[in-house]
file coords_15.cif (mmCIF, C-alpha atoms)
data_structure
#
loop_
_atom_site.label_atom_id
_atom_site.label_comp_id
_atom_site.auth_asym_id
_atom_site.auth_seq_id
_atom_site.Cartn_x
_atom_site.Cartn_y
_atom_site.Cartn_z
CA MET G 1 0.00 0.00 0.00
CA THR G 2 1.55 3.31 -1.13
CA ASN G 3 1.82 6.35 1.12
CA LYS G 4 -0.42 8.27 -1.29
CA PHE G 5 -3.17 5.68 -1.00
CA GLN G 6 -2.78 5.52 2.79
CA ASN G 7 -3.13 9.30 3.04
CA LYS G 8 -6.31 9.23 0.94
CA LEU G 9 -7.72 6.43 3.09
CA ILE G 10 -6.95 8.34 6.29
CA LEU G 11 -8.53 11.51 4.86
CA PHE G 12 -11.65 9.61 3.77
CA SER G 13 -12.00 7.90 7.16
CA THR G 14 -11.58 11.24 8.93
CA LEU G 15 -14.32 12.83 6.80
CA ILE G 16 -16.70 9.95 7.49
CA PHE G 17 -15.99 10.25 11.23
CA ILE G 18 -16.65 14.01 11.18
CA ILE G 19 -19.92 13.51 9.26
CA ILE G 20 -21.09 10.91 11.80
CA ILE G 21 -20.24 13.18 14.75
CA VAL G 22 -22.01 16.18 13.19
CA ALA G 23 -25.06 14.18 12.10
CA PHE G 24 -25.53 12.23 15.35
CA PRO G 25 -27.65 14.87 17.17
CA PHE G 26 -29.93 15.01 14.12
CA ARG G 27 -30.24 11.25 13.62
CA GLY G 28 -33.99 11.27 14.34
CA ILE G 29 -34.66 14.01 11.79
CA ILE G 30 -32.46 12.26 9.20
CA LYS G 31 -34.26 8.96 9.78
CA ASN G 32 -37.67 10.60 9.34
CA LYS G 33 -36.50 12.29 6.14
CA LEU G 34 -35.27 8.99 4.71
CA ILE G 35 -38.56 7.31 5.59
CA TYR G 36 -40.47 10.19 4.00
CA TYR G 37 -38.53 10.09 0.72
CA TYR G 38 -38.65 6.30 0.55
CA GLY G 39 -42.39 6.44 1.21
CA ALA G 40 -42.86 9.11 -1.47
CA PHE G 41 -40.89 6.97 -3.96
CA LYS G 42 -42.92 3.84 -3.15
CA THR G 43 -46.19 5.77 -3.43
CA ARG G 44 -45.18 7.10 -6.85
CA VAL G 45 -44.26 3.60 -8.07
CA THR G 46 -47.02 1.50 -6.48
CA GLY G 47 -49.77 4.04 -5.73
CA ARG G 48 -49.81 3.00 -2.06
CA GLY G 49 -48.23 4.36 1.09
CA LEU G 50 -45.13 2.93 2.72
CA VAL G 51 -47.06 1.50 5.68
CA ASN G 52 -50.09 -0.76 5.64
CA CYS G 53 -52.78 1.26 7.39
CA LYS G 54 -54.84 -1.80 8.30
CA ASP G 55 -58.58 -1.44 7.63
CA CYS G 56 -58.18 2.33 7.18
CA ASP G 57 -60.05 2.27 3.88
CA GLN G 58 -63.04 0.82 5.76
CA LEU G 59 -62.78 2.89 8.93
CA PHE G 60 -62.02 6.26 7.38
CA ASN G 61 -64.11 6.92 4.30
CA ASP G 62 -65.59 10.38 4.95
CA GLY G 63 -65.58 11.99 1.53
CA VAL G 64 -65.70 15.65 0.54
CA LYS G 65 -69.48 16.01 0.90
CA ILE G 66 -69.52 14.50 4.38
CA GLN G 67 -66.65 16.68 5.56
CA GLU G 68 -68.51 19.76 4.32
CA ILE G 69 -70.79 19.32 7.37
CA ALA G 70 -67.97 20.54 9.61
CA TYR G 71 -67.61 23.82 7.71
CA GLN G 72 -71.27 24.71 8.27
CA LYS G 73 -70.53 25.10 11.99
CA GLU G 74 -67.27 27.01 11.82
CA LYS G 75 -64.64 27.94 9.22
CA ILE G 76 -62.48 30.75 7.95
CA LYS G 77 -62.96 32.55 4.66
CA GLU G 78 -60.58 31.25 2.01
CA GLN G 79 -57.52 33.52 1.82
CA LYS G 80 -55.90 34.48 -1.48
CA ASN G 81 -52.35 34.05 -0.17
CA ASP G 82 -50.38 33.20 2.97
CA GLY G 83 -50.34 36.87 3.92
CA GLY G 84 -54.09 36.65 4.51
CA LEU G 85 -53.61 33.67 6.81
CA LEU G 86 -50.99 35.54 8.81
CA ILE G 87 -53.39 38.47 9.22
CA LEU G 88 -55.97 36.07 10.65
CA GLU G 89 -53.30 34.83 13.05
CA LYS G 90 -52.59 38.39 14.21
CA LYS G 91 -56.31 38.90 14.79
CA GLY G 92 -56.41 35.76 16.92
CA VAL G 93 -58.74 33.90 14.56
CA LEU G 94 -56.08 31.29 13.78
CA LYS G 95 -53.51 29.95 16.22
CA GLU G 96 -50.07 28.56 15.45
CA ILE G 97 -49.15 24.96 16.17
CA SER G 98 -45.60 23.62 16.45
CA SER G 99 -43.77 20.35 17.02
CA ASN G 100 -43.94 19.09 20.59
CA GLU G 101 -43.68 15.89 22.61
CA TYR G 102 -46.98 14.60 21.19
CA TYR G 103 -46.71 15.37 17.47
CA THR G 104 -44.26 16.78 14.95
CA LEU G 105 -44.73 19.06 11.98
CA ARG G 106 -43.05 18.12 8.74
CA ASP G 107 -41.56 20.98 6.71
CA LEU G 108 -44.68 22.71 5.36
CA ASP G 109 -43.99 23.85 1.79
CA PHE G 110 -47.61 24.44 0.78
CA SER G 111 -49.40 25.32 4.02
CA GLN G 112 -49.08 27.35 7.20
CA PRO G 113 -49.00 25.80 10.73
CA LEU G 114 -52.23 27.58 11.65
CA LEU G 115 -55.58 26.22 12.82
CA LEU G 116 -58.80 27.40 14.39
CA PRO G 117 -58.74 27.01 18.21
CA LYS G 118 -61.30 24.19 18.06
CA ALA G 119 -59.01 22.16 15.81
CA ILE G 120 -56.10 22.67 18.21
CA LEU G 121 -58.24 21.48 21.11
CA PHE G 122 -59.05 18.38 19.08
CA LEU G 123 -55.33 17.75 18.40
CA ASN G 124 -54.65 17.96 22.13
CA GLN G 125 -57.48 15.56 22.87
CA LEU G 126 -56.26 13.12 20.22
CA SER G 127 -52.73 13.30 21.62
CA LYS G 128 -53.79 12.69 25.23
CA ARG G 129 -56.05 9.76 24.37
CA TYR G 130 -53.43 8.15 22.15
CA GLU G 131 -50.82 8.59 24.90
CA LYS G 132 -53.14 6.97 27.45
CA ASN G 133 -53.77 4.03 25.13
CA CYS G 134 -50.00 3.57 24.76
CA THR G 135 -49.51 3.73 28.53
CA ASP G 136 -52.34 1.27 29.18
CA SER G 137 -50.79 -1.11 26.64
CA SER G 138 -47.28 -0.64 28.10
CA ILE G 139 -45.74 0.42 24.81
CA GLU G 140 -43.58 3.41 23.93
CA TYR G 141 -45.38 6.56 22.79
CA ILE G 142 -44.40 7.48 19.23
CA PRO G 143 -45.41 11.04 18.21
CA PHE G 144 -47.57 11.25 15.10
CA GLU G 145 -46.59 13.53 12.24
CA ILE G 146 -48.65 16.31 10.68
CA THR G 147 -47.79 16.85 7.02
CA SER G 148 -50.17 19.61 5.94
CA VAL G 149 -52.27 22.23 7.73
CA THR G 150 -54.04 25.38 6.46
CA ARG G 151 -53.50 26.53 2.89
CA SER G 152 -54.22 29.69 0.94
CA ILE G 153 -55.78 29.63 -2.52
CA GLU G 154 -52.38 30.45 -3.98
CA SER G 155 -50.56 27.62 -2.19
CA ALA G 156 -53.35 25.15 -3.03
CA LYS G 157 -52.96 25.96 -6.74
CA LYS G 158 -49.20 25.44 -6.51
CA LEU G 159 -49.69 22.08 -4.80
CA THR G 160 -52.04 20.76 -7.48
CA LYS G 161 -49.18 21.04 -9.97
CA LYS G 162 -47.05 18.67 -7.87
CA ASN G 163 -49.60 16.43 -6.19
CA GLY G 164 -52.35 14.69 -8.12
CA ASN G 165 -54.40 14.20 -4.93
CA ALA G 166 -54.50 17.93 -4.16
CA ARG G 167 -57.54 20.07 -4.99
CA GLU G 168 -57.72 23.82 -5.54
CA ASN G 169 -61.01 23.99 -3.60
CA SER G 170 -59.39 22.15 -0.71
CA ALA G 171 -60.72 21.57 2.80
CA HIS G 172 -57.35 22.88 3.96
CA LEU G 173 -58.50 26.40 3.03
CA ARG G 174 -60.94 26.56 5.95
CA GLY G 175 -58.86 26.24 9.11
CA LYS G 176 -60.06 22.95 10.59
CA THR G 177 -58.32 20.40 8.37
CA PHE G 178 -54.90 18.76 8.60
CA ASP G 179 -53.17 15.64 7.29
CA ILE G 180 -51.53 13.03 9.53
CA SER G 181 -48.94 10.66 8.07
CA TYR G 182 -49.47 6.98 8.81
CA ASN G 183 -46.13 6.41 7.04
CA SER G 184 -44.46 8.10 10.02
CA PHE G 185 -45.30 5.00 12.08
CA TYR G 186 -42.84 2.99 9.98
CA ASN G 187 -41.65 -0.06 12.01
CA HIS G 188 -44.08 0.83 14.82
CA GLU G 189 -47.14 -1.25 13.98
CA LYS G 190 -48.45 -1.45 17.55
CA GLN G 191 -48.40 2.32 17.90
CA LEU G 192 -50.11 2.74 14.53
CA ASP G 193 -52.87 0.31 15.55
CA LEU G 194 -53.45 2.24 18.79
CA PHE G 195 -53.42 5.57 16.96
CA ILE G 196 -55.98 4.30 14.44
CA THR G 197 -58.16 3.02 17.31
CA THR G 198 -57.92 6.39 19.08
CA LEU G 199 -58.76 8.41 15.98
CA TYR G 200 -61.62 6.08 15.07
CA ASP G 201 -63.13 6.42 18.57
CA LEU G 202 -63.14 10.21 18.18
CA LYS G 203 -64.70 9.86 14.74
CA LYS G 204 -67.46 7.65 16.19
CA GLN G 205 -68.12 10.38 18.75
CA ASN G 206 -68.71 12.77 15.84
CA LYS G 207 -65.73 14.93 16.80
CA CYS G 208 -64.05 14.63 13.40
CA PHE G 209 -64.29 13.35 9.86
CA VAL G 210 -61.45 11.29 8.40
CA LYS G 211 -60.55 10.22 4.86
CA TYR G 212 -57.93 7.55 4.23
CA GLU G 213 -55.58 8.49 1.40
CA ARG G 214 -53.37 5.90 -0.28
CA ASN G 215 -50.47 8.34 -0.52
CA GLY G 216 -49.64 7.81 3.15
CA CYS G 217 -51.92 10.29 4.93
CA LEU G 218 -55.14 10.48 6.92
CA HIS G 219 -57.10 13.62 5.97
CA VAL G 220 -58.77 14.91 9.15
CA THR G 221 -61.41 17.64 9.49
CA VAL G 222 -62.54 18.64 12.99
CA ASN G 223 -66.31 18.75 13.42
#
call {"tool": "encode", "arguments": {"input": "coords_15.cif", "output": "structure tokens"}}
result
Amino acid sequence: MTNKFQNKLILFSTLIFIIIIVAFPFRGIIKNKLIYYYGAFKTRVTGRGLVNCKDCDQLFNDGVKIQEIAYQKEKIKEQKNDGGLLILEKKGVLKEISSNEYYTLRDLDFSQPLLLPKAILFLNQLSKRYEKNCTDSSIEYIPFEITSVTRSIESAKKLTKKNGNARENSAHLRGKTFDISYNSFYNHEKQLDLFITTLYDLKKQNKCFVKYERNGCLHVTVN
């Protein structure tokens, strides 16, 4: 082995070591990103999400017309752009949500992390009940992941160009709708089963409407 080759090997090993050290604190984020991109690739190829959301097509089949019921009680006026949504936040009509110990927000390219207060109360209720079910079953709590929240008309139009499932006249325009990724439960089948049970119980109590989407998400509208 020549000195030149040895020097290159040492340099390469040093770079790999530095990358590992730098990336270690962000290993959870990196893992979630890899799962997301692998899931997106599989969905594009097969038309189905990365994870088998068992019986979700039977449990969660509230279509557009059914979910419209929720907007008759409370909603925001559709905003032309994100600036309009931020104005509603300043007025206190919409409230910001952020990642916490119960759920995480994926990078939101086509929506704002804003919801009506009633929807945030529902998220808290969902989180607490899911946590209790995990505790009662003696399994680790795995936070669920929110992938899309409230959109403006402008952002909805942009999304339709990239996502065939998106609609310009989207429920996400009205402040009580968000998407939860069942793909984020990758390798955590027990937690996914408990989360599905929790969400279905709330749906049966008429607290929300849910539509299963094959692209890896559950489309939730708070009633």
call {"tool": "resolve_selection", "arguments": {"input": "coords_15.cif", "expression": "the PyMOL selection byres ((chain G and resi 217) around 10)", "output": "PyMOL selection string"}}
result
chain G and resi 49+53+145-148+178-184+211-216+218-220
call {"tool": "closest_residue", "arguments": {"input": "coords_15.cif", "among": "G:Lys118, G:Tyr130, G:Pro143, G:Leu15", "to": "His188 in chain G", "atoms": "only C-alpha atoms"}}
result
G:Pro143
call {"tool": "resolve_selection", "arguments": {"input": "coords_15.cif", "expression": "the PyMOL selection byres ((chain G and resi 170-173) around 8)", "output": "number ranges by chain"}}
result
G: 76-79, 149-153, 156, 166-169, 174-178, 221
call {"tool": "closest_residue", "arguments": {"input": "coords_15.cif", "among": "G:Thr197, G:Leu159, G:Asn52, G:Gln112", "to": "Arg129 in chain G", "atoms": "only C-alpha atoms"}}
result
G:Thr197
call {"tool": "closest_residue", "arguments": {"input": "coords_15.cif", "among": "G:Ile20, G:Tyr103, G:Val51, G:Ile120", "to": "Phe185 in chain G", "atoms": "all atoms listed in the file"}}
result
G:Val51
call {"tool": "atom_distance", "arguments": {"input": "coords_15.cif", "atom1": "CA of Lys157 in chain G", "atom2": "CA of Leu121 in chain G"}}
result
28.7 Å
call {"tool": "resolve_selection", "arguments": {"input": "coords_15.cif", "expression": "the PyMOL selection byres ((chain G and resi 59-64) around 8)", "output": "list in words"}}
result
Asp55, Cys56, Asp57, Gln58, Lys65, Ile66, Gln67, Glu68, Tyr200, Phe209, Val210, Lys211 and Tyr212 of chain G
call {"tool": "axis_aligned_box", "arguments": {"input": "coords_15.cif", "around": "range 101-115 of chain G", "padding_each_side": "3 Å", "output": "AutoDock Vina command-line options"}}
result
--center_x -48.6 --center_y 21.1 --center_z 11.7 --size_x 20.0 --size_y 19.0 --size_z 27.8
call {"tool": "closest_residue", "arguments": {"input": "coords_15.cif", "among": "G:Ser137, G:Asn124, G:Thr14, G:Gln6", "to": "Tyr102 in chain G", "atoms": "only C-alpha atoms"}}
result
G:Asn124
call {"tool": "closest_residue", "arguments": {"input": "coords_15.cif", "among": "G:Thr135, G:Thr198, G:Leu116, G:Ile21", "to": "Tyr71 in chain G", "atoms": "only C-alpha atoms"}}
result
G:Leu116
call {"tool": "atom_distance", "arguments": {"input": "coords_15.cif", "atom1": "CA of Lys73 in chain G", "atom2": "CA of Cys208 in chain G"}}
result
12.4 Å
call {"tool": "atom_distance", "arguments": {"input": "coords_15.cif", "atom1": "CA of Lys95 in chain G", "atom2": "CA of Leu108 in chain G"}}
result
15.8 Å
call {"tool": "decode", "arguments": {"input": "coords_15.cif", "residues": "range 94-125 of chain G", "atoms": "N, CA and C atoms", "output": "compact mmCIF listing (two decimals), in the first residue's frame"}}
result
# COMPACT_ATOMS: atom_id res chain seq x y z
N LEU G 94 -56.86 32.52 13.91
CA LEU G 94 -56.08 31.29 13.78
C LEU G 94 -54.96 31.29 14.81
N LYS G 95 -54.59 30.10 15.26
CA LYS G 95 -53.51 29.95 16.22
C LYS G 95 -52.42 29.05 15.62
N GLU G 96 -51.18 29.34 15.98
CA GLU G 96 -50.07 28.56 15.45
C GLU G 96 -49.88 27.27 16.23
N ILE G 97 -49.53 26.21 15.52
CA ILE G 97 -49.15 24.96 16.17
C ILE G 97 -47.67 24.70 15.84
N SER G 98 -47.01 23.93 16.68
CA SER G 98 -45.60 23.62 16.45
C SER G 98 -45.30 22.22 16.98
N SER G 99 -44.18 21.68 16.57
CA SER G 99 -43.77 20.35 17.02
C SER G 99 -43.63 20.34 18.54
N ASN G 100 -44.04 19.25 19.14
CA ASN G 100 -43.94 19.09 20.59
C ASN G 100 -43.76 17.62 20.93
N GLU G 101 -43.91 17.28 22.21
CA GLU G 101 -43.68 15.89 22.61
C GLU G 101 -44.75 14.93 22.08
N TYR G 102 -45.88 15.46 21.63
CA TYR G 102 -46.98 14.60 21.19
C TYR G 102 -47.05 14.43 19.68
N TYR G 103 -46.69 15.48 18.93
CA TYR G 103 -46.71 15.37 17.47
C TYR G 103 -45.65 16.29 16.87
N THR G 104 -45.26 15.97 15.65
CA THR G 104 -44.26 16.78 14.95
C THR G 104 -44.87 17.33 13.67
N LEU G 105 -44.32 18.46 13.24
CA LEU G 105 -44.73 19.06 11.98
C LEU G 105 -43.63 18.85 10.95
N ARG G 106 -44.00 18.23 9.85
CA ARG G 106 -43.05 18.12 8.74
C ARG G 106 -42.86 19.51 8.13
N ASP G 107 -41.76 19.71 7.41
CA ASP G 107 -41.56 20.98 6.71
C ASP G 107 -42.77 21.26 5.83
N LEU G 108 -43.44 22.39 6.06
CA LEU G 108 -44.68 22.71 5.36
C LEU G 108 -44.39 23.64 4.18
N ASP G 109 -44.29 23.06 2.98
CA ASP G 109 -43.99 23.85 1.79
C ASP G 109 -45.23 24.53 1.20
N PHE G 110 -46.40 23.92 1.43
CA PHE G 110 -47.61 24.44 0.78
C PHE G 110 -48.73 24.75 1.77
N SER G 111 -48.39 24.95 3.03
CA SER G 111 -49.40 25.32 4.02
C SER G 111 -48.74 26.02 5.19
N GLN G 112 -49.56 26.65 6.02
CA GLN G 112 -49.08 27.35 7.20
C GLN G 112 -49.51 26.57 8.46
N PRO G 113 -48.67 26.56 9.50
CA PRO G 113 -49.00 25.80 10.73
C PRO G 113 -50.03 26.53 11.59
N LEU G 114 -51.19 26.80 10.99
CA LEU G 114 -52.23 27.58 11.65
C LEU G 114 -53.55 26.82 11.62
N LEU G 115 -54.28 26.88 12.73
CA LEU G 115 -55.58 26.22 12.82
C LEU G 115 -56.53 27.05 13.68
N LEU G 116 -57.81 26.83 13.49
CA LEU G 116 -58.80 27.40 14.39
C LEU G 116 -58.63 26.78 15.78
N PRO G 117 -58.92 27.53 16.85
CA PRO G 117 -58.74 27.01 18.21
C PRO G 117 -59.42 25.66 18.45
N LYS G 118 -60.59 25.45 17.86
CA LYS G 118 -61.30 24.19 18.06
C LYS G 118 -60.50 23.02 17.52
N ALA G 119 -59.82 23.22 16.40
CA ALA G 119 -59.01 22.16 15.81
C ALA G 119 -57.81 21.85 16.69
N ILE G 120 -57.23 22.88 17.32
CA ILE G 120 -56.10 22.67 18.21
C ILE G 120 -56.53 21.91 19.46
N LEU G 121 -57.70 22.23 19.97
CA LEU G 121 -58.24 21.48 21.11
C LEU G 121 -58.42 20.00 20.76
N PHE G 122 -58.88 19.76 19.54
CA PHE G 122 -59.05 18.38 19.08
C PHE G 122 -57.69 17.67 19.02
N LEU G 123 -56.68 18.34 18.48
CA LEU G 123 -55.33 17.75 18.40
C LEU G 123 -54.82 17.38 19.79
N ASN G 124 -55.07 18.25 20.75
CA ASN G 124 -54.65 17.96 22.13
C ASN G 124 -55.38 16.76 22.69
N GLN G 125 -56.68 16.69 22.40
CA GLN G 125 -57.48 15.56 22.87
C GLN G 125 -57.01 14.26 22.23
